[in-house]
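**Q** I am attaching a structure below and will ask some questions about it afterwards.
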Amino acid sequence: MKLRKQVTVCGGAVFCVAVFSLYLMLDRVQHDPTHRQNAGNFPRSQISVLQNRIEQLEQLLEENHQIISHIKDSVLELTENGGGVPGAQLPFRNPNGSWNFPFDGQPTFLSISPQDCQFALGSRRQKTDMQMLDVHSMLNFDNVDGGVWKQGFEILYDANEWDAEPLQVFVVPHSHNDPGWIKTFDKYYSDQTQHIFNSMLVKLKEDPRRKFIWSEISFFAKWWESVDSQKRDAMRKLILSGQLEIVTGGWVMPDEANVHYFAMLDQLIEGHQWLEKNIGVTPRSGWAVDPFGHSPTMAYLLKKANLTSMLIQRVHYSIKKHFSATRSLEFMWRQAWDTDSSTDMFCHMMPFYSYDVPHTCGPDPKVCCQFDFKRLPGGRVNCPWKVPPHAITESNVAERANLLLDQYRKKSKLFRSKVVLVPLGDDFRYDKSQEWDQQYLNYQRLFDYMNSHPEMHVQAQFGTLSDYFDAVYKQNGVAQGSRPPAFPVLSGDFFVYADREDHYWSGYFTSRPFYKNLDRVLESHLRGAEILYSLAVAQSRRAGMEGRYPVTDYSLLTDARRNVGLFQHHDAITGTAKEAVVIDYGFRLLRSLVSLKIVIMNAAHFLILRNKDTYRYYHTEPFLEPDERRATQESLPERVLIELDSTPRYLVVFNPVEQERVCLVTVLVGSARVRVLTEDGQTIPVQLSAQWSSSAEMSKEGYLASFPARLPGLGLAVFQLYDSFDSSLTLFSDSLLRLHGQNLAQRRLDPLPLRIHDSDQQDFFIQSQNLQLWFSGTTGMLESIKCKEDQQELKLRIEFLIYGTRTAKDKSGAYLFLPDGPAKPYAPKEPPVVRVVEGPLFSEVVCYYQHFQHAVRIHNLPGVDGLSLDVTTTVDIRDQTNKELAMRLVTDIQSEGVLFTDLNGFQIQPRRYFHKLPLQANFYPMPSMAYIQDVQHRLTLHTAQALGVASLKSGELEVILDRRLMQDDNRGLGQGLKDNKRTANHFRILLEKRATANKHAGFLSKITSIFHSLISYIYGASTQEVT
């Protein structure tokens, strides 16, 4: 201890001498009379001498900076090697009132390079023929009537074009089965899907020329488990013979806007592993006809899963028209960051409005509908164009075949190969045996006629999706998945989707945010449970204890994976299902969350035991219990009270990421005399604060104890909690209520201090070692942020706004965002109650408004946790009508209309605000983050749940928090969004420097920063010795 203190003090003395010497040198340069001249009268020789001396001074300053850094590092190394003493971690207050917490000597600032993203390195990327951001800039997005193809144009062709090479036509029967939408997953299966599979077995075997494709493995696995081995063998034979193709092979056909890549990949793995285990096949082609917009992340994952081709459908009608006009509907989809074209994926974009039969055979839906034989007269479905289909007979087959061939030829003119893909199906089609006969028999008569008349120059047949792609590759003379000659290369994504007029599908980016958040919570638990279970099973095998460890927990993991996968469906995580279906999803998610906690507790129990022989597993009485619980599937989590006494209660904390983390752990305890020890007995500082039952009343149900924890990557840490009179490192939060004239009942909980300001309107601040945040005295909202490293203050104002919906016929709904104009400021009926909590480990400001509770917190921790703002906005708009609540960040950043959003938590996509597009077209999905930046700063909003985001003005970032809409938006759901929940939206705001500050201007501030840091360690060592 003496040696460390001596070295520390000596280091401080050397530092002071160095700073004083620099000061004298600067003073001499500035005040030496021999160097002073009147302004404008410097001789050139003296200017040259002065420049040389300035350069020498700069070099000397840099050398001193390095010396000081070495001194600081030596002090830190000695501090670390000196061993942990309880007092070493003691926080203390600076003279300015802020808390200082000397946790470690890691850098406290973040700085990023201006060239920090791959897409910014233009010369390093492989150039693409089409970049979607450029396509958006080029198009007018008009909606000119195209004739029979309303959103397109007239297609002309020469009848002799196919004389030398006949047209190949592949009609691909399919049935799109939603694992939950209007009905629940189980209800759809029992009412329709199981009948599709049963009929499939019979009808495909009747004629080997018949083909079919299937996508959703969740339904397929459910049917498989319900049938006998004979039916399984028959189905396996159909797949292996090529009559039935499994396309994509995921557990569901996932949404591509809101999903995180972890869940996107997990549901794909679950489906592929099921197929490998039960059928012995791997899918070759991707099929995504119903997700509401498309992400390149999916193309990348399919490529890595060894698929060679893919198909997409829901793309903005103006983009489809442009791609059709340029014959670019088939392209190689390349990742924006790809440097060697290794991510190229062959992609087919369907050209017309929908994937139903009227919009797949060609450009005229009135004609195509006549070849949907389920709509024959006498059935329950008819053609809206008032021209019904006719059964194919010998008397009309010639006329019917020529009418259909005309559509095939027109469709082929939009592509670069003389091969045409014609999907034949719709939602839950082929659930009746009659439809199988209607479609297959009538089409086979048409095919037989076409193929037997060489003058028609066409070869038509039923096919699978891979049959079509194989024909394209063969005709172009390339291998599967390779780029055909002259086919374009594209990068970018296909958001935001619009199917007609200005009906942009940007509402579902936020719809039902409660379940979007619950999904992300479940994903994190699933990842953690899988890691811990794998580690526990591996250790139990090495210890020869397989029979004693509950390996049956694997079934809980499987069930959870499948429920997570089910919720990635494009009508689940999107918030676009019926209320009863949403409840069913919620029960599944909650059941899996409870199960995963059991897996985590069982594995953690086994792993923390040094002597594995003492392990005992009791199903009804687990050794550990979770730290929080949810009462129902629509409840927010509640902390579990930990009762304390003189015997230790053990707290196990797991870090599921690969990196070491320093974070704040908070638990609810029953005593204010809490003492927290590490596993090796070191006392840790604790900040004790209240759990609030209302805006002004502290709850009697315990105290919140927060303490810092350094957690190893993929590791467990064990802490001991006591009720102890020796709790000198337990420090109390200081709470202040700013009531703004409201007469509210107040309740204080001993020994926590509470102050009251009835009518204080002055702005105020909270601060940490790294940050100072200023708040409005009237609204309680954040106004600005200052990084103490460089003392630079940046405007960062948080505002809340309300969007209404149109008064005309078309209104916002679960899918669509159709606002009645720009957002209006949120106008509360009463001023807010503002609570300011300050302490050594964290400080926060909480504002209570009628429809939301908004909290901004900063931490005294090293690294990113100490440099970012934790923001939690708990929203409750259940008393609103046709309103959407938004949070807007307003800054000085000169972003100039450029926004960056993530795609599935996997990659970043630049966006641009387009004035030519309506407001709703400038909102984008934000699964995990969005940021704006200029040459100096980047401001990032990290989100714990997928939401819609926009940057409508330079320097602004806006996110929709919740939506309550009373009507359907005419996209098939038949309901509005009226089942809102009290929802906690979690964010983290991070401000980073992009360019290094001027080294002359910033040098003294850096010296000062190091000086303060070193002095902190000196005082910390002194305090430690006293304690």
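Lettering and numbering for the structure tokens are positional, with chains as A, B, ... in the shown order, residues counted from 1 in each chain, and ligands counted from 1 in the shown order.
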Give one line per residue of segment 183-301 of chain A that approaches segment 481-490 of chain A to at most 12 Å, naming the two atoms of the closest pair and their distance in Å to one decimal, counting only C-alpha atoms; sort by chain then ascending residue number and deliver it as a Markdown table.

**A**
```
| residue | atom | partner | partner_atom | distance |
| --- | --- | --- | --- | --- |
| A:Arg284 | CA | A:Gly481 | CA | 9.7 |
| A:Ser285 | CA | A:Gly481 | CA | 9.8 |
| A:Gly286 | CA | A:Gly481 | CA | 11.9 |
| A:Pro296 | CA | A:Leu490 | CA | 10.0 |
| A:Ala299 | CA | A:Leu490 | CA | 11.7 |
```

**Q** Restricted to N, CA and C atoms, what would the selected residues look like written as a PDB file, in the first residue's frame?

**A**
```
ATOM      1  N   ARG A 284     -33.535 -25.588 -51.909  1.00  0.00           N
ATOM      2  CA  ARG A 284     -32.668 -24.964 -52.914  1.00  0.00           C
ATOM      3  C   ARG A 284     -33.103 -23.554 -53.270  1.00  0.00           C
ATOM      4  N   SER A 285     -34.387 -23.261 -53.114  1.00  0.00           N
ATOM      5  CA  SER A 285     -34.915 -21.981 -53.585  1.00  0.00           C
ATOM      6  C   SER A 285     -35.747 -21.314 -52.505  1.00  0.00           C
ATOM      7  N   GLY A 286     -35.669 -19.986 -52.462  1.00  0.00           N
ATOM      8  CA  GLY A 286     -36.418 -19.205 -51.489  1.00  0.00           C
ATOM      9  C   GLY A 286     -37.711 -18.674 -52.079  1.00  0.00           C
ATOM     10  N   PRO A 296     -32.181  -7.281 -47.684  1.00  0.00           N
ATOM     11  CA  PRO A 296     -31.044  -8.068 -48.209  1.00  0.00           C
ATOM     12  C   PRO A 296     -30.475  -9.033 -47.182  1.00  0.00           C
ATOM     13  N   ALA A 299     -31.622 -12.408 -48.103  1.00  0.00           N
ATOM     14  CA  ALA A 299     -30.867 -12.949 -49.236  1.00  0.00           C
ATOM     15  C   ALA A 299     -29.521 -13.497 -48.774  1.00  0.00           C
TER      16      ALA A 299
END
```

**Q** If DSSP is run on the backbone, what residues of segment 125-206 of chain A are strand (DSSP E)? A reply as a ChimeraX atom specification would be ideal.

**A** /A:130-131,167-176

**Q** Residues at most 6 Å from Ser759 of chain A, counting only C-alpha atoms, excluding those fewer than 2 positions away in the same chain, as a list in words?

**A**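 What passes the distance filter is His740, Gly741 and His757 of chain A.
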
**Q** Go ahead and write the residues just picked, C-alpha atoms, as a PDB file, in the first residue's frame.

**A**
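What ended up in part30.pdb:
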```pdb
ATOM      1  CA  HIS A 740     -45.269  22.243 -10.601  1.00  0.00           C
ATOM      2  CA  GLY A 741     -48.059  23.308  -8.300  1.00  0.00           C
ATOM      3  CA  HIS A 757     -40.035  21.822  -4.948  1.00  0.00           C
TER       4      HIS A 757
END
```

**Q** Contacts of Ala709 of chain A at 8 Å or less, counting only C-alpha atoms, minus same-chain residues fewer than 5 places along, as a ChimeraX atom specification?

**A** /A:661-665

**Q** Excluding Lys187 of chain A and residues on its chain fewer than 3 positions from it, collect all residues at most 12 Å away from it, counting only C-alpha atoms, and give them as a list of chain:residue names.

**A**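 Skipping anything fewer than 3 positions along the chain leaves A:Asn177, A:Asp178, A:Pro179, A:Gly180, A:Trp181, A:Ile182, A:Lys183, A:Thr184, A:Ser190, A:Asp191, A:Gln192, A:Thr193, A:Gln194, A:Phe219, A:Ala580, A:Val581, A:Asp584.
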
**Q** One number please: atom CA of Ala672 of chain A to atom CA of Thr647 of chain A, in Å, one decimal.

**A** 15.5 Å

**Q** Excluding segment 767-772 of chain A and its own-chain neighbours fewer than 2 positions away, which residues fall within 6 Å of it when counting only C-alpha atoms? Please give them as an MDAnalysis selection string.

**A** chainID A and resid 100 785:788 860

**Q** Pick the closest to Phe371 of chain A from A:Ile269, A:Val171, A:Arg512, A:Trp337: which is it, counting only C-alpha atoms?

**A** A:Val171

**Q** Quick check, in Å to one decimal: how far apart do atom CA of Gln880 of chain A and atom CA of His851 of chain A lie?

**A**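 Here the two named atoms are 9.1 Å from each other.
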
**Q** Select, from A:Thr464, A:Ile583, A:Tyr300, A:Met138, the residue with the minimum atom-to-atom distance to Ile246 of chain A, counting only C-alpha atoms.

**A**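 Ranking A:Thr464, A:Ile583, A:Tyr300, A:Met138 by distance to Ile246 of chain A, first place goes to A:Thr464.
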
**Q** Pick from A:Asp865, A:Asp356, A:Asp790, A:Asp233: nearest to Asp427 of chain A, with only C-alpha atoms counted?

**A**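 Closest residue, counting only C-alpha atoms: A:Asp356.
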
**Q** Mind checking DSSP for segment 653-871 of chain A and telling me the alpha helix (DSSP H) residues as a count of residues only?

**A** 4

**Q** At a cut-off of 10 Å, using only C-alpha atoms, what residues contact Val420 of chain A? Leave out same-chain residues fewer than 5 positions from it and give the result as a short mmCIF file (atom, residue, chain, number, x, y, z; two decimals) with N, CA, C and O atoms, in the first residue's frame.

**A**
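Final file, out12.cif:
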```
data_model
loop_
_atom_site.label_atom_id
_atom_site.label_comp_id
_atom_site.auth_asym_id
_atom_site.auth_seq_id
_atom_site.Cartn_x
_atom_site.Cartn_y
_atom_site.Cartn_z
N LEU A 167 -41.17 -20.64 -76.10
CA LEU A 167 -41.35 -20.12 -74.75
C LEU A 167 -41.57 -21.29 -73.79
O LEU A 167 -42.39 -22.18 -74.05
N GLN A 168 -40.84 -21.30 -72.69
CA GLN A 168 -41.04 -22.30 -71.65
C GLN A 168 -41.90 -21.70 -70.53
O GLN A 168 -41.59 -20.63 -70.03
N VAL A 169 -42.94 -22.41 -70.16
CA VAL A 169 -43.85 -21.93 -69.13
C VAL A 169 -43.89 -22.95 -68.00
O VAL A 169 -44.15 -24.14 -68.23
N PHE A 170 -43.65 -22.45 -66.78
CA PHE A 170 -43.75 -23.29 -65.59
C PHE A 170 -44.86 -22.75 -64.70
O PHE A 170 -44.74 -21.65 -64.14
N VAL A 171 -45.94 -23.52 -64.60
CA VAL A 171 -47.05 -23.18 -63.71
C VAL A 171 -46.79 -23.87 -62.38
O VAL A 171 -46.68 -25.10 -62.32
N CYS A 361 -50.62 -14.69 -64.12
CA CYS A 361 -50.42 -15.28 -65.45
C CYS A 361 -49.96 -14.25 -66.46
O CYS A 361 -49.35 -14.59 -67.47
N GLY A 362 -50.26 -12.98 -66.21
CA GLY A 362 -49.92 -11.93 -67.16
C GLY A 362 -50.42 -10.59 -66.66
O GLY A 362 -50.91 -10.45 -65.53
N TYR A 408 -49.09 -15.17 -71.20
CA TYR A 408 -47.76 -15.71 -70.94
C TYR A 408 -46.70 -14.96 -71.75
O TYR A 408 -45.62 -14.62 -71.22
N ARG A 409 -47.00 -14.71 -73.00
CA ARG A 409 -46.03 -14.02 -73.85
C ARG A 409 -45.79 -12.58 -73.37
O ARG A 409 -44.65 -12.10 -73.34
N LYS A 410 -46.84 -11.90 -73.00
CA LYS A 410 -46.68 -10.52 -72.51
C LYS A 410 -45.86 -10.49 -71.21
O LYS A 410 -45.02 -9.62 -71.02
N LYS A 411 -46.10 -11.44 -70.35
CA LYS A 411 -45.32 -11.49 -69.12
C LYS A 411 -43.85 -11.77 -69.42
O LYS A 411 -42.95 -11.19 -68.79
N SER A 412 -43.60 -12.63 -70.40
CA SER A 412 -42.21 -12.98 -70.72
C SER A 412 -41.42 -11.78 -71.24
O SER A 412 -40.20 -11.75 -71.12
N LYS A 413 -42.11 -10.79 -71.80
CA LYS A 413 -41.43 -9.61 -72.34
C LYS A 413 -40.79 -8.76 -71.25
O LYS A 413 -39.99 -7.87 -71.54
N LEU A 414 -41.17 -9.01 -70.00
CA LEU A 414 -40.61 -8.25 -68.89
C LEU A 414 -39.31 -8.86 -68.37
O LEU A 414 -38.66 -8.27 -67.51
N PHE A 415 -38.94 -10.03 -68.91
CA PHE A 415 -37.76 -10.74 -68.42
C PHE A 415 -36.76 -10.93 -69.55
O PHE A 415 -37.07 -10.74 -70.72
N ALA A 460 -45.41 -25.86 -72.13
CA ALA A 460 -46.02 -25.52 -70.84
C ALA A 460 -46.18 -26.77 -69.99
O ALA A 460 -46.51 -27.83 -70.51
N TYR A 468 -38.21 -24.00 -62.44
CA TYR A 468 -38.15 -22.75 -63.19
C TYR A 468 -36.73 -22.19 -63.19
O TYR A 468 -36.18 -21.84 -64.25
N PHE A 469 -36.12 -22.08 -62.00
CA PHE A 469 -34.78 -21.50 -61.94
C PHE A 469 -33.78 -22.35 -62.70
O PHE A 469 -32.88 -21.80 -63.38
N ALA A 471 -34.31 -24.01 -65.38
CA ALA A 471 -34.50 -23.71 -66.81
C ALA A 471 -33.86 -22.38 -67.18
O ALA A 471 -33.29 -22.24 -68.28
N VAL A 472 -33.95 -21.40 -66.31
CA VAL A 472 -33.32 -20.09 -66.57
C VAL A 472 -31.81 -20.25 -66.65
O VAL A 472 -31.16 -19.72 -67.57
#
```
